[in-house]
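In what follows, a structure is listed as structure tokens, so that the remarks can point back to it.
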Amino acid sequence: MQKNKKIGASRKFYSALGGVSYAACGLTLAALCAVVLFVLIRGTGSLSFQLLFGEFSSDHPSIFPAFMGTLQLILISILIAVPLGVATAIFLTEYMQGEGKIVKIIRISVETLAGIPSIVYGLFGYLVFAVTLGWGYTMLGGGITLAIMILPTVVRNTEESLRAVPLGYREGSFALGAGKVRTIFAVVLPTASGGIVTAVILAVGRVVSESAVLILTIGMVVGNLSLGLTGPGTSLALDVYYFANFGYPKEAAATAVVLLLLVLGINLTAAFVGKMIRKKYGEIT
């Protein structure tokens, strides 16, 4: 009898926990919908050809320079962070399975980098690239700083994806005569490609939304259409900050809409690419 009471109490407790989980999920979705709807309602009506593709002026602002600058920063940071991050994850997973001193040092370094506030990265980029190296405000300096900032995200997510690949895949490859390097690039990486793509998505999302780092490294030259790497520039996140603080509330909301659509497009594209890769190489079972 007493055992049945305990079982009934446990069921009620876990049922209550389930209700709390559903409530928390509902609140999260409600908050997300509230933010998205607010931005869309306030900003959609302010979108225009001039704002999206025109030349920037104080009377007729445009976010086209910011859009091009954002793409530049994504390209620079991803080209630097993804190869370094994936190579580090491969080293930790495939070559250093134990917990040696080198592995501990690398893990502590990655965790420390992940916990540093973005403004500290911005200060680092400013002191190193703008002051010490004498570059000044440059897109290259901002891109390198962002690459350092997103490196922990790439390393941790890629490492988890590589660890999820079953050991039998590697053993089967070795049994067929493939070496270590060939197994990694022909079996392990294709199988873990979905997780690696997710890591890149998270990294790109942080690059697109970052502003504190860029204020200190690329400046905030809102109307500058700089396609080079050695000059100052802007990004969509910086334009939102600029418009909101200098008397352009409608333009700020419209820029936020573009930023949301850009992030959505990146996620959908990456999801499609990941699906195609998994379809080609097979899911992890």
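Naming scheme: A, B, ... for chains in displayed order of the structure tokens; residues 1 onward per chain; ligands 1 onward as shown.
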Members of region 54-220 of chain A assigned alpha helix (DSSP H) by DSSP, as number ranges by chain: A: 64-90, 101-115, 118-125, 139-163, 167-175, 180-183, 189-191, 193-209, 212-217
Neighbour list for Thr145 (chain A) as a list in words, cut-off 10 Å, only C-alpha atoms, skip fewer than 2 positions in-chain: Leu73, Ile76, Ser77, Ser118, Tyr121, Gly122, Leu123, Phe124, Gly125, Tyr126, Val128, Phe129, Met139, Leu140, Gly141, Gly142, Gly143, Ala147, Ile148, Met149, Ile150, Val213, Leu214 and Thr217 of chain A
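Taking CA of Leu162 (chain A) and CA of Lys101 (chain A) as endpoints, the distance between them is 21.1 Å.
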Computed gap from CA of Val120 (chain A) to CA of Gly247 (chain A) is 28.3 Å
Do you have, as JSON lines, the list of residues of region 45-100 of chain A lying at most 12 Å from region 261-274 of chain A, each with its nearest atom pair and that distance in Å to one decimal, counting only C-alpha atoms and ordered by chain then number?
```
{"residue": "A:Phe67", "atom": "CA", "partner": "A:Leu262", "partner_atom": "CA", "distance": 9.4}
{"residue": "A:Thr70", "atom": "CA", "partner": "A:Leu262", "partner_atom": "CA", "distance": 10.1}
{"residue": "A:Leu71", "atom": "CA", "partner": "A:Leu262", "partner_atom": "CA", "distance": 10.2}
{"residue": "A:Ile74", "atom": "CA", "partner": "A:Ile266", "partner_atom": "CA", "distance": 11.0}
```
May I have the selected residues written with C-alpha atoms, as a PDB file, in the first residue's frame?
```
ATOM      1  CA  PHE A  67      24.515  44.541 -46.071  1.00  0.00           C
ATOM      2  CA  THR A  70      27.970  42.063 -43.134  1.00  0.00           C
ATOM      3  CA  LEU A  71      28.649  39.625 -45.973  1.00  0.00           C
ATOM      4  CA  ILE A  74      30.857  36.628 -42.494  1.00  0.00           C
TER       5      ILE A  74
END
```
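Nearest residue to Leu216 (chain A), choosing from A:Thr255, A:Leu146, A:Leu47, A:Ala244 and counting only C-alpha atoms: A:Leu146.
Remark: for Gly233 (chain A), the closest of the candidate residues A:Thr138, A:Ser62, A:Gln50, A:Thr44 is A:Thr138 (distances computed over only C-alpha atoms).
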Give the answer as one residue: which of A:Tyr22, A:Tyr169, A:Phe53, A:Phe91 has the shortest atom-to-atom distance to Ala66 (chain A), using only C-alpha atoms? A:Phe53
